[in-house]
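Shown below: model07.cif, with mmCIF, C-alpha atoms and all ligand atoms.
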```cif
data_run
#
loop_
_atom_site.label_atom_id
_atom_site.label_comp_id
_atom_site.auth_asym_id
_atom_site.auth_seq_id
_atom_site.Cartn_x
_atom_site.Cartn_y
_atom_site.Cartn_z
CA MET A 38 -11.45 -103.12 -27.60
CA ILE A 39 -11.36 -106.31 -25.65
CA ASN A 40 -8.41 -107.25 -23.51
CA LEU A 41 -7.23 -110.63 -24.78
CA ILE A 42 -4.56 -110.94 -22.16
CA SER A 43 -5.58 -113.42 -19.51
CA PRO A 44 -3.36 -113.89 -16.43
CA GLN A 45 -2.48 -117.37 -17.73
CA LEU A 46 -1.37 -115.98 -21.06
CA VAL A 47 0.70 -113.27 -19.37
CA GLU A 48 2.38 -115.94 -17.27
CA LYS A 49 3.06 -118.08 -20.33
CA ILE A 50 4.64 -115.21 -22.25
CA ARG A 51 6.73 -114.11 -19.27
CA ARG A 52 7.99 -117.63 -18.68
CA ASN A 53 8.88 -118.17 -22.31
CA VAL A 54 11.09 -115.10 -22.70
CA ASN A 55 14.51 -116.68 -22.37
CA HIS A 56 17.02 -114.31 -20.70
CA GLN A 57 20.13 -116.11 -21.93
CA ARG A 58 18.89 -116.48 -25.51
CA LEU A 59 17.93 -112.79 -25.59
CA LEU A 60 21.31 -111.75 -24.20
CA ASP A 61 23.16 -113.98 -26.68
CA THR A 62 21.20 -112.44 -29.56
CA ALA A 63 21.98 -108.91 -28.44
CA MET A 64 25.70 -109.74 -28.06
CA ALA A 65 25.77 -111.40 -31.49
CA LEU A 66 24.42 -108.20 -33.03
CA ILE A 67 26.70 -105.88 -31.07
CA GLU A 68 29.86 -107.84 -31.93
CA VAL A 69 29.50 -106.96 -35.62
CA PRO A 70 30.46 -103.29 -36.10
CA SER A 71 27.86 -101.42 -38.15
CA PRO A 72 28.44 -97.69 -38.49
CA THR A 73 25.66 -96.03 -40.49
CA CYS A 74 25.82 -96.93 -44.21
CA SER A 75 27.96 -100.03 -43.43
CA ALA A 76 25.43 -102.27 -41.69
CA GLY A 77 25.67 -105.09 -44.26
CA ALA A 78 27.54 -107.56 -42.06
CA VAL A 79 25.25 -107.14 -39.07
CA ALA A 80 22.18 -107.45 -41.31
CA ASP A 81 23.66 -110.77 -42.53
CA GLN A 82 24.21 -111.79 -38.91
CA LEU A 83 20.61 -110.98 -37.95
CA ALA A 84 19.31 -112.80 -41.03
CA SER A 85 21.26 -115.95 -40.21
CA LEU A 86 20.19 -115.84 -36.54
CA LEU A 87 16.56 -115.70 -37.65
CA GLN A 88 17.06 -118.43 -40.23
CA ASP A 89 18.71 -120.69 -37.64
CA ASP A 90 15.59 -120.09 -35.55
CA GLY A 91 13.44 -121.39 -38.38
CA PHE A 92 12.04 -118.08 -39.60
CA GLU A 93 11.76 -117.33 -43.28
CA VAL A 94 13.83 -114.23 -44.00
CA GLU A 95 13.48 -111.80 -46.90
CA ARG A 96 16.33 -109.49 -47.86
CA PRO A 97 14.90 -106.57 -49.86
CA VAL A 98 17.65 -104.26 -51.14
CA ALA A 99 15.41 -101.24 -50.50
CA ASN A 100 17.64 -98.68 -52.14
CA TRP A 101 20.75 -99.70 -50.21
CA PRO A 102 22.66 -102.59 -51.87
CA GLU A 103 25.45 -102.19 -49.30
CA ALA A 104 23.16 -103.68 -46.65
CA PRO A 105 19.92 -105.30 -47.84
CA ALA A 106 17.24 -105.02 -45.16
CA VAL A 107 16.09 -107.95 -43.03
CA VAL A 108 12.39 -108.84 -43.05
CA VAL A 109 10.40 -111.61 -41.38
CA ARG A 110 6.66 -112.06 -41.72
CA PHE A 111 5.20 -114.12 -38.92
CA ALA A 112 1.53 -114.64 -39.68
CA THR A 113 -1.31 -116.69 -38.27
CA ASP A 114 -3.93 -118.17 -40.57
CA GLN A 115 -6.64 -115.89 -39.17
CA PRO A 116 -7.28 -112.44 -40.62
CA GLY A 117 -6.32 -109.60 -38.32
CA ARG A 118 -4.05 -106.65 -37.88
CA VAL A 119 -0.34 -106.75 -38.57
CA LEU A 120 1.95 -105.23 -35.96
CA GLN A 121 5.31 -104.15 -37.29
CA PHE A 122 8.49 -104.34 -35.23
CA ASP A 123 10.95 -101.93 -36.86
CA GLY A 124 14.51 -101.13 -35.87
CA HIS A 125 17.73 -99.72 -37.29
CA LEU A 126 20.87 -101.85 -37.25
CA ASP A 127 23.33 -99.00 -37.81
CA THR A 128 25.15 -97.16 -35.04
CA VAL A 129 26.65 -93.68 -34.81
CA HIS A 130 30.20 -93.19 -36.08
CA LEU A 131 32.18 -93.56 -32.85
CA PRO A 132 35.05 -95.97 -32.09
CA PHE A 133 33.74 -99.55 -31.86
CA VAL A 134 33.04 -100.89 -28.35
CA PRO A 135 32.76 -104.72 -28.26
CA PRO A 136 29.90 -106.36 -26.33
CA ARG A 137 30.41 -107.02 -22.61
CA HIS A 138 28.03 -108.53 -20.06
CA GLU A 139 28.73 -107.54 -16.50
CA HIS A 140 26.56 -107.62 -13.34
CA GLY A 141 23.34 -107.91 -15.33
CA ASN A 142 24.22 -105.08 -17.70
CA LEU A 143 25.07 -105.22 -21.36
CA TYR A 144 27.60 -102.77 -22.82
CA GLY A 145 28.88 -102.08 -26.33
CA SER A 146 28.18 -100.22 -29.56
CA GLY A 147 24.44 -100.27 -30.19
CA ALA A 148 23.54 -101.85 -26.82
CA SER A 149 21.15 -98.95 -26.18
CA ASP A 150 20.67 -97.62 -29.71
CA MET A 151 19.28 -100.07 -30.74
CA LYS A 152 20.62 -103.59 -31.10
CA GLY A 153 19.38 -104.47 -27.61
CA GLY A 154 15.87 -103.46 -28.68
CA ILE A 155 16.12 -105.44 -31.92
CA ALA A 156 17.21 -108.52 -29.96
CA ALA A 157 14.08 -108.02 -27.80
CA PHE A 158 11.97 -107.96 -30.99
CA VAL A 159 13.55 -111.23 -32.10
CA GLU A 160 12.92 -112.80 -28.70
CA ALA A 161 9.29 -111.59 -28.75
CA LEU A 162 8.86 -113.20 -32.16
CA ARG A 163 10.27 -116.52 -30.92
CA VAL A 164 7.96 -116.45 -27.92
CA LEU A 165 4.89 -115.69 -30.03
CA ARG A 166 5.75 -118.65 -32.21
CA ASP A 167 6.55 -121.04 -29.38
CA THR A 168 3.47 -120.20 -27.29
CA HIS A 169 0.96 -119.94 -30.16
CA ALA A 170 -0.32 -116.88 -28.30
CA LEU A 171 -1.07 -114.91 -31.44
CA VAL A 172 -4.57 -115.91 -32.54
CA ALA A 173 -5.02 -113.65 -35.57
CA GLY A 174 -3.11 -111.27 -37.81
CA GLY A 175 0.65 -111.29 -37.68
CA VAL A 176 3.92 -109.58 -36.91
CA LEU A 177 6.20 -108.00 -39.51
CA LEU A 178 9.80 -107.57 -38.41
CA THR A 179 11.91 -105.08 -40.39
CA ALA A 180 15.50 -104.04 -39.71
CA HIS A 181 17.56 -101.67 -41.79
CA ASP A 182 20.52 -99.33 -42.20
CA HIS A 183 20.78 -95.57 -42.94
CA HIS A 184 19.17 -94.21 -39.79
CA GLU A 185 21.75 -92.19 -37.87
CA GLY A 186 22.42 -88.68 -39.16
CA PRO A 187 24.27 -86.94 -40.58
CA TRP A 188 25.75 -90.08 -42.20
CA GLY A 189 22.47 -91.70 -43.18
CA ASP A 190 19.48 -90.14 -44.88
CA ARG A 191 16.84 -92.82 -44.10
CA ARG A 192 16.65 -93.80 -47.75
CA GLN A 193 16.33 -97.49 -46.87
CA LEU A 194 13.38 -96.90 -44.56
CA TYR A 195 11.62 -94.78 -47.19
CA ALA A 196 12.24 -97.49 -49.79
CA LEU A 197 10.86 -100.19 -47.47
CA ILE A 198 7.74 -98.13 -46.83
CA LYS A 199 7.34 -97.45 -50.55
CA ALA A 200 7.68 -101.17 -51.30
CA GLY A 201 4.86 -101.90 -48.86
CA TYR A 202 6.83 -103.33 -45.93
CA ILE A 203 4.46 -101.80 -43.39
CA GLY A 204 2.04 -103.09 -40.80
CA ASN A 205 -1.15 -101.49 -39.48
CA ALA A 206 0.89 -99.98 -36.65
CA VAL A 207 4.58 -100.01 -35.80
CA LEU A 208 6.65 -100.31 -32.62
CA LEU A 209 10.15 -98.81 -32.45
CA PRO A 210 12.58 -99.78 -29.66
CA GLU A 211 14.35 -96.44 -29.14
CA TYR A 212 15.50 -95.91 -25.54
CA LEU A 213 12.36 -94.27 -24.14
CA ALA A 214 10.55 -96.05 -21.33
CA ASP A 215 9.19 -93.48 -18.87
CA ARG A 216 6.19 -92.28 -20.88
CA LEU A 217 4.08 -93.24 -23.84
CA PRO A 218 4.98 -90.79 -26.58
CA ILE A 219 1.73 -90.12 -28.42
CA ALA A 220 3.00 -86.88 -29.96
CA GLY A 221 6.26 -85.33 -30.99
CA ARG A 222 7.53 -82.22 -32.69
CA GLY A 223 8.74 -82.04 -36.25
CA MET A 224 12.21 -80.64 -36.71
CA ALA A 225 14.27 -78.91 -39.39
CA ILE A 226 17.89 -77.80 -39.25
CA PHE A 227 18.36 -74.51 -41.08
CA GLU A 228 21.51 -72.95 -42.44
CA THR A 229 21.11 -69.42 -43.78
CA HIS A 230 23.75 -67.74 -45.91
CA ILE A 231 23.60 -63.94 -45.91
CA SER A 232 25.88 -62.50 -48.58
CA ARG A 233 26.70 -59.31 -50.47
CA ASP A 234 28.34 -58.65 -53.82
CA GLY A 235 32.04 -57.85 -54.04
CA GLN A 236 35.13 -58.91 -52.16
CA PRO A 237 36.12 -58.69 -48.49
CA ILE A 238 37.51 -55.20 -47.89
CA HIS A 239 39.20 -53.08 -45.20
CA GLU A 240 36.49 -51.31 -43.26
CA VAL A 241 37.84 -47.80 -44.05
CA LEU A 242 37.84 -48.53 -47.79
CA ARG A 243 34.21 -49.61 -47.94
CA PRO A 244 32.13 -47.78 -50.53
CA PRO A 245 29.17 -45.89 -49.08
CA GLN A 246 25.99 -47.92 -48.60
CA GLN A 247 27.81 -51.22 -48.78
CA PRO A 248 25.49 -53.90 -47.33
CA ASP A 249 26.56 -55.18 -43.91
CA VAL A 250 26.19 -58.95 -43.69
CA LEU A 251 27.13 -59.10 -40.00
CA ALA A 252 24.54 -56.52 -39.00
CA THR A 253 22.02 -58.39 -41.14
CA GLY A 254 22.88 -61.61 -39.31
CA ALA A 255 22.35 -59.84 -35.99
CA GLU A 256 19.03 -58.45 -37.24
CA LEU A 257 17.97 -61.94 -38.32
CA ILE A 258 18.63 -63.26 -34.83
CA LEU A 259 16.38 -60.52 -33.42
CA ARG A 260 13.61 -61.27 -35.91
CA LEU A 261 13.81 -64.97 -35.08
CA ARG A 262 13.55 -64.03 -31.41
CA ASP A 263 10.31 -62.20 -32.24
CA LEU A 264 9.17 -65.27 -34.15
CA GLN A 265 9.96 -67.43 -31.13
CA GLN A 266 7.68 -65.24 -29.02
CA SER A 267 4.78 -65.66 -31.41
CA LEU A 268 5.45 -69.41 -31.70
CA GLU A 269 4.94 -69.96 -27.99
CA SER A 270 1.19 -69.85 -28.55
CA ARG A 271 1.33 -72.83 -30.92
CA THR A 272 1.06 -75.69 -28.48
CA HIS A 273 0.04 -79.32 -28.31
CA PRO A 274 -0.99 -80.95 -25.02
CA HIS A 275 1.74 -83.59 -25.32
CA ALA A 276 4.22 -82.42 -27.93
CA GLY A 277 4.95 -79.02 -26.33
CA THR A 278 5.34 -75.79 -28.31
CA ASP A 279 6.73 -74.60 -31.61
CA SER A 280 10.19 -73.08 -31.39
CA VAL A 281 13.02 -71.52 -33.34
CA PHE A 282 16.59 -71.54 -32.11
CA VAL A 283 19.88 -70.13 -33.40
CA GLY A 284 22.92 -72.00 -32.13
CA HIS A 285 25.70 -70.93 -34.46
CA ILE A 286 26.77 -67.77 -36.27
CA GLN A 287 29.89 -67.34 -38.31
CA ALA A 288 31.30 -64.36 -40.24
CA GLY A 289 34.46 -62.40 -40.84
CA GLU A 290 38.18 -63.09 -40.74
CA ILE A 291 39.63 -60.21 -38.71
CA TYR A 292 38.41 -57.23 -36.71
CA ASN A 293 38.69 -54.54 -39.40
CA GLN A 294 37.73 -56.37 -42.56
CA SER A 295 34.19 -56.25 -43.94
CA PRO A 296 33.17 -59.83 -44.81
CA THR A 297 30.97 -60.92 -47.69
CA GLU A 298 29.09 -63.69 -45.94
CA CYS A 299 27.44 -64.45 -42.62
CA VAL A 300 26.15 -67.94 -41.85
CA LEU A 301 23.56 -68.79 -39.19
CA GLN A 302 22.49 -72.27 -38.15
CA GLY A 303 19.73 -73.41 -35.89
CA THR A 304 16.57 -75.45 -35.54
CA ARG A 305 12.88 -74.91 -36.15
CA ARG A 306 10.50 -77.30 -34.39
CA TRP A 307 6.72 -77.54 -34.75
CA VAL A 308 3.90 -79.42 -33.11
CA THR A 309 1.28 -79.63 -35.86
CA PRO A 310 1.63 -82.58 -38.24
CA ASP A 311 1.52 -81.92 -41.95
CA THR A 312 2.50 -78.23 -41.76
CA VAL A 313 6.05 -78.43 -43.11
CA GLU A 314 5.20 -76.23 -46.10
CA GLU A 315 3.59 -73.50 -43.97
CA VAL A 316 6.52 -73.56 -41.58
CA LYS A 317 8.97 -73.18 -44.46
CA LEU A 318 6.95 -70.39 -46.06
CA GLU A 319 6.79 -68.41 -42.82
CA PHE A 320 10.56 -68.75 -42.36
CA ASN A 321 11.28 -67.76 -45.96
CA GLN A 322 9.09 -64.66 -45.68
CA ILE A 323 11.22 -63.37 -42.81
CA LEU A 324 14.35 -63.94 -44.88
CA GLU A 325 12.93 -62.29 -48.00
CA GLU A 326 11.86 -59.16 -46.13
CA LEU A 327 15.23 -58.90 -44.45
CA ALA A 328 17.14 -59.42 -47.70
CA LYS A 329 15.16 -56.59 -49.29
CA THR A 330 15.72 -54.04 -46.53
CA SER A 331 19.38 -54.98 -46.01
CA CYS A 332 20.27 -55.19 -49.74
CA THR A 333 21.86 -58.58 -49.14
CA SER A 334 20.92 -61.89 -50.64
CA ILE A 335 19.85 -64.60 -48.24
CA GLU A 336 19.74 -68.27 -49.12
CA VAL A 337 18.59 -71.01 -46.81
CA ASN A 338 19.03 -74.74 -46.63
CA PHE A 339 16.00 -75.89 -44.64
CA LYS A 340 16.60 -79.58 -43.97
CA VAL A 341 13.52 -81.29 -42.58
CA GLN A 342 14.54 -84.13 -40.24
CA GLY A 343 11.02 -85.32 -39.60
CA ASP A 344 7.44 -84.08 -39.45
CA ALA A 345 5.48 -83.64 -36.25
CA PHE A 346 3.31 -86.60 -35.37
CA SER A 347 0.52 -87.55 -33.05
CA ILE A 348 -1.45 -90.72 -32.36
CA SER A 349 -5.00 -90.76 -31.11
CA SER A 350 -5.08 -91.93 -27.52
CA GLU A 351 -8.01 -94.12 -28.64
CA ASP A 352 -5.99 -95.97 -31.26
CA PRO A 353 -6.05 -99.78 -30.83
CA ILE A 354 -2.23 -99.82 -30.65
CA ILE A 355 -2.37 -97.60 -27.54
CA THR A 356 -4.91 -99.86 -25.85
CA ALA A 357 -2.95 -102.98 -26.73
CA PHE A 358 0.30 -101.46 -25.50
CA GLN A 359 -1.17 -100.19 -22.24
CA ASN A 360 -2.76 -103.57 -21.50
CA ALA A 361 0.60 -105.23 -22.14
CA HIS A 362 2.48 -102.74 -20.00
CA GLN A 363 -0.02 -103.13 -17.20
CA ALA A 364 0.38 -106.90 -17.37
CA VAL A 365 4.18 -106.83 -17.28
CA ALA A 366 4.99 -103.81 -15.12
CA GLY A 367 1.81 -103.42 -13.09
CA ASN A 368 0.99 -99.95 -14.41
CA THR A 369 0.15 -98.11 -17.59
CA LEU A 370 2.41 -95.34 -18.87
CA SER A 371 1.26 -91.75 -18.79
CA PHE A 372 1.06 -89.99 -22.13
CA GLY A 373 3.94 -87.72 -23.02
CA ASN A 374 6.04 -86.34 -25.82
CA LYS A 375 8.75 -87.94 -27.89
CA PRO A 376 11.75 -85.67 -27.32
CA PHE A 377 13.63 -86.77 -30.44
CA VAL A 378 12.77 -87.40 -34.07
CA ASP A 379 13.01 -91.09 -34.92
CA ASP A 380 11.85 -93.42 -37.68
CA GLY A 381 8.37 -93.30 -36.16
CA ASN A 382 7.96 -89.77 -37.53
CA ALA A 383 8.61 -91.15 -41.04
CA PHE A 384 6.17 -94.03 -40.57
CA SER A 385 3.49 -91.64 -39.44
CA ALA A 386 4.12 -88.97 -42.13
CA VAL A 387 4.90 -91.21 -45.12
CA ALA A 388 3.10 -94.47 -44.38
CA GLY A 389 0.25 -92.90 -42.42
CA ILE A 390 0.32 -95.57 -39.71
CA PRO A 391 0.46 -95.02 -35.95
CA ALA A 392 4.03 -95.36 -34.68
CA LEU A 393 4.81 -96.02 -31.06
CA THR A 394 8.29 -95.63 -29.64
CA HIS A 395 9.00 -97.73 -26.56
CA GLY A 396 12.31 -99.29 -25.68
CA PRO A 397 14.44 -100.31 -22.73
CA ALA A 398 15.42 -97.67 -20.18
CA ALA A 399 18.94 -97.71 -21.61
CA THR A 400 21.66 -95.11 -21.20
CA GLY A 401 24.60 -93.67 -23.11
CA ALA A 402 23.10 -93.52 -26.60
CA HIS A 403 25.48 -91.70 -28.97
CA THR A 404 28.40 -92.13 -26.55
CA LEU A 405 31.04 -94.80 -25.88
CA GLN A 406 29.16 -95.80 -22.70
CA GLU A 407 26.04 -97.47 -24.05
CA CYS A 408 24.49 -99.64 -21.35
CA VAL A 409 21.26 -101.57 -20.97
CA SER A 410 20.24 -104.00 -18.27
CA VAL A 411 19.26 -107.51 -19.33
CA ALA A 412 16.20 -107.15 -17.08
CA GLU A 413 15.04 -104.22 -19.21
CA LEU A 414 15.53 -106.19 -22.42
CA VAL A 415 13.47 -109.02 -20.95
CA ARG A 416 10.78 -106.58 -19.86
CA VAL A 417 10.41 -104.98 -23.29
CA ALA A 418 10.44 -108.38 -25.04
CA GLN A 419 7.48 -109.36 -22.84
CA VAL A 420 5.70 -106.06 -23.53
CA TYR A 421 6.28 -106.41 -27.31
CA ALA A 422 4.92 -109.95 -27.42
CA LEU A 423 1.85 -109.09 -25.33
CA THR A 424 1.20 -105.92 -27.35
CA ALA A 425 1.14 -108.05 -30.50
CA VAL A 426 -1.30 -110.49 -28.89
CA GLY A 427 -3.68 -107.67 -27.98
CA TYR A 428 -3.30 -105.75 -31.21
CA CYS A 429 -3.40 -108.44 -33.87
CA ILE A 430 -6.97 -109.47 -33.28
CA SER A 431 -9.35 -109.79 -36.18
CA LYS A 432 -11.42 -106.83 -37.25
CA ARG A 433 -14.53 -108.78 -36.26
CA ASP A 434 -13.44 -109.03 -32.63
CA ASP A 435 -12.93 -105.31 -32.69
CA LEU A 436 -16.46 -104.69 -33.97
CA ASN A 437 -17.99 -107.05 -31.43
CA ALA A 438 -16.26 -105.23 -28.63
CA SER A 439 -17.41 -101.78 -29.64
ZN ZN A 501 18.33 -95.05 -32.60
#
```

Transcribe the structure of this file into structure tokens.
Amino acid sequence: MINLISPQLVEKIRRNVNHQRLLDTAMALIEVPSPTCSAGAVADQLASLLQDDGFEVERPVANWPEAPAVVVRFATDQPGRVLQFDGHLDTVHLPFVPPRHEHGNLYGSGASDMKGGIAAFVEALRVLRDTHALVAGGVLLTAHDHHEGPWGDRRQLYALIKAGYIGNAVLLPEYLADRLPIAGRGMAIFETHISRDGQPIHEVLRPPQQPDVLATGAELILRLRDLQQSLESRTHPHAGTDSVFVGHIQAGEIYNQSPTECVLQGTRRWVTPDTVEEVKLEFNQILEELAKTSCTSIEVNFKVQGDAFSISSEDPIITAFQNAHQAVAGNTLSFGNKPFVDDGNAFSAVAGIPALTHGPAATGAHTLQECVSVAELVRVAQVYALTAVGYCISKRDDLNAS
């Protein structure tokens, strides 16, 4: 793939990213509280900011009338790829922290996760328009609610994907800047309920052969430890290894009463995309065998948070991103894993498009101390704009180059 980024173009893009305008946009988004499932007002704010800027804004309901999504299509008249900028406007349910700009840093709810990143998308879009740097294809900006769990269930993102609001590749501005995450593990939270018939009973009054739910819970932990050992051989060069982890066990009321239920919670993570069903089956088999030998019944709620994903290091989005990063920061990023599950996992599993997470090196996500430097927001806005320039070339250019 050819590198369309000339030094002059890099300079033009860098010069056109307006620090103050970007900061103002981020503060305007942060000042509207938007806990997950209540992002309607901030979506309206983003829509009116974009409209004031002269962009045509669509507001698809996308299965969440409380907060219709915000969509802008910025297209050239030449055929080419479409790069999607996607972000979530909702924030975790913590007390609201208003925006504050101090010594080059921006604070407030969503500064890091991810209103700062969305403001950088908006600034990148403005710069692409003002500089006419995009020669083919286009950019699709989408912003939505329903991301942060356990409050949201990503229904709005799934509805947007289903309705066709997708590009040929997508960028997500989650706070990850020190590597290029070309793979990540899938993750499920499990909650197993081990139970027996009958009522809780004093230990000395137990009938003979009464199933022991606590001992069964302990046995399950041991069997999952064996599973963990066998999972260590399932590896991916960037995503890491499969794993199973128990973090919580609960049973019984007092020391000499035999309980009827034991609950275990934990996580199961995997590196191979598209293996959710196998992973579930393997887990269920362990439970079924144990239920049989322990004469208990075992039910499980296996909640998949996202599938594993990987992007080919040869994908045009990787090349375009690395060229952009090189131009702005002077180096390319080394390949690594994505430590968390984000909306990129859904884009890759459901929409089948490569999803790249790269955002400002921000801190304090999911705390009251979210902080991002304005310099970082400026940097990612430049990287986003230049990635679009390199990626959205016509298919013909691509063929000529290969
Ligand atoms: Zn986030």

If we count only C-alpha atoms, what is near Val378 of chain A at a cut-off of 12 Å, once residues fewer than 2 positions away on the same chain are taken out, given as JSON, numbers by chain? {"A": [184, 185, 186, 209, 211, 218, 220, 221, 222, 223, 224, 225, 276, 306, 307, 308, 341, 342, 343, 344, 345, 346, 374, 375, 376, 380, 381, 382, 383, 384, 385, 386, 392, 394]}

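From atom CA of Tyr212 of chain A back to atom CA of Leu59 of chain A, the distance works out to 17.1 Å.
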
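Among the candidates A:Thr278, A:Leu370, A:Gly204, A:Asp123, the one nearest to ligand ZN 501 (chain A) when counting all atoms listed in the file is A:Asp123.
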
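If you look at atom CA of Ser280 of chain A and atom CA of Asp263 of chain A, they are 10.9 Å away from each other.
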
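Pairwise distance (atom CA of Ser347 of chain A, atom CA of Ile219 of chain A) equals 5.4 Å.
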
So that I can see what lies close to Leu46 of chain A, please list as a ChimeraX atom specification the residues with an atom at most 10 Å from it, counting all atoms listed in the file and leaving out residues fewer than 4 positions away in the same chain. /A:41-42,50-52,168,170,364,423,426

If we count only C-alpha atoms and set the cut-off at 8 Å, which residues sit around Ala361 of chain A, ignoring sequence neighbours fewer than 4 positions away in its own chain? Please answer as a ChimeraX atom specification. /A:42,357,365,420-421,423-424,427

Judged by only C-alpha atoms, the minimum distance to Arg233 of chain A among A:Ala422, A:Ala65, A:Val159, A:Ile335 is found for A:Ile335

Show which residues sit within 9 Å of segment 286-290 of chain A, as a CSV table (one decimal) with C-alpha atoms, keeping the file's coordinate frame. Count all atoms listed in the file, and ignore same-chain residues fewer than 3 positions away.
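Dumped to part-v1.csv:
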```
chain,number,residue,atom,x,y,z
A,237,PRO,CA,36.1,-58.7,-48.5
A,250,VAL,CA,26.2,-59.0,-43.7
A,251,LEU,CA,27.1,-59.1,-40.0
A,254,GLY,CA,22.9,-61.6,-39.3
A,283,VAL,CA,19.9,-70.1,-33.4
A,293,ASN,CA,38.7,-54.5,-39.4
A,294,GLN,CA,37.7,-56.4,-42.6
A,295,SER,CA,34.2,-56.2,-43.9
A,296,PRO,CA,33.2,-59.8,-44.8
A,297,THR,CA,31.0,-60.9,-47.7
A,298,GLU,CA,29.1,-63.7,-45.9
A,299,CYS,CA,27.4,-64.4,-42.6
A,300,VAL,CA,26.2,-67.9,-41.8
A,301,LEU,CA,23.6,-68.8,-39.2
A,302,GLN,CA,22.5,-72.3,-38.2
```

What's the 10 Å shell around Gly175 of chain A, counting all atoms listed in the file, without same-chain residues fewer than 4 positions away, as a tab-separated table (two decimals) with C-alpha atoms, keeping the file's coordinate frame?
```tsv
chain	number	residue	atom	x	y	z
A	110	ARG	CA	6.66	-112.06	-41.72
A	111	PHE	CA	5.20	-114.12	-38.92
A	112	ALA	CA	1.53	-114.64	-39.68
A	113	THR	CA	-1.31	-116.69	-38.27
A	114	ASP	CA	-3.93	-118.17	-40.57
A	115	GLN	CA	-6.64	-115.89	-39.17
A	116	PRO	CA	-7.28	-112.44	-40.62
A	117	GLY	CA	-6.32	-109.60	-38.32
A	118	ARG	CA	-4.05	-106.65	-37.88
A	119	VAL	CA	-0.34	-106.75	-38.57
A	120	LEU	CA	1.95	-105.23	-35.96
A	121	GLN	CA	5.31	-104.15	-37.29
A	165	LEU	CA	4.89	-115.69	-30.03
A	171	LEU	CA	-1.07	-114.91	-31.44
A	204	GLY	CA	2.04	-103.09	-40.80
A	425	ALA	CA	1.14	-108.05	-30.50
A	426	VAL	CA	-1.30	-110.49	-28.89
A	428	TYR	CA	-3.30	-105.75	-31.21
A	429	CYS	CA	-3.40	-108.44	-33.87
A	430	ILE	CA	-6.97	-109.47	-33.28
```

How would you write as a PyMOL selection string the residues that get within 10 Å of (18.6, -51.9, -46.9) in the file's frame, counting all atoms listed in the file? chain A and resi 246-249+253+326-333

Nearest-residue call for ligand ZN 501 (chain A), choices A:Gly189, A:Pro102, A:Pro274, A:Pro97, using all atoms listed in the file: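 With all atoms listed in the file as the atom set, the closest residue is A:Gly189.
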
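With only C-alpha atoms as the atoms that count, the minimum distance from Asn338 of chain A to the choices A:His395, A:Ser270, A:Ile231, A:Tyr292 is reached by A:Ile231.
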
Give the answer as one residue: which of A:Glu407, A:Asp127, A:Glu336, A:Glu93 has the shortest atom-to-atom distance to Ser232 of chain A, using only C-alpha atoms?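 Smallest separation from Ser232 of chain A among the options: A:Glu336.
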
Please, which residues are within 10 Å of (15.3, -96.5, -28.3) by the file's coordinates, counting all atoms listed in the file, and could they come as a PyMOL selection string? chain A and resi 124-125+148-155+209-214+379+394-400+402

Nearest-residue call for ligand ZN 501 (chain A), choices A:Leu177, A:Val129, A:Val172, A:Leu87, using only C-alpha atoms and all ligand atoms: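 Residue with the minimum atom-to-atom distance to ligand ZN 501 (chain A): A:Val129.
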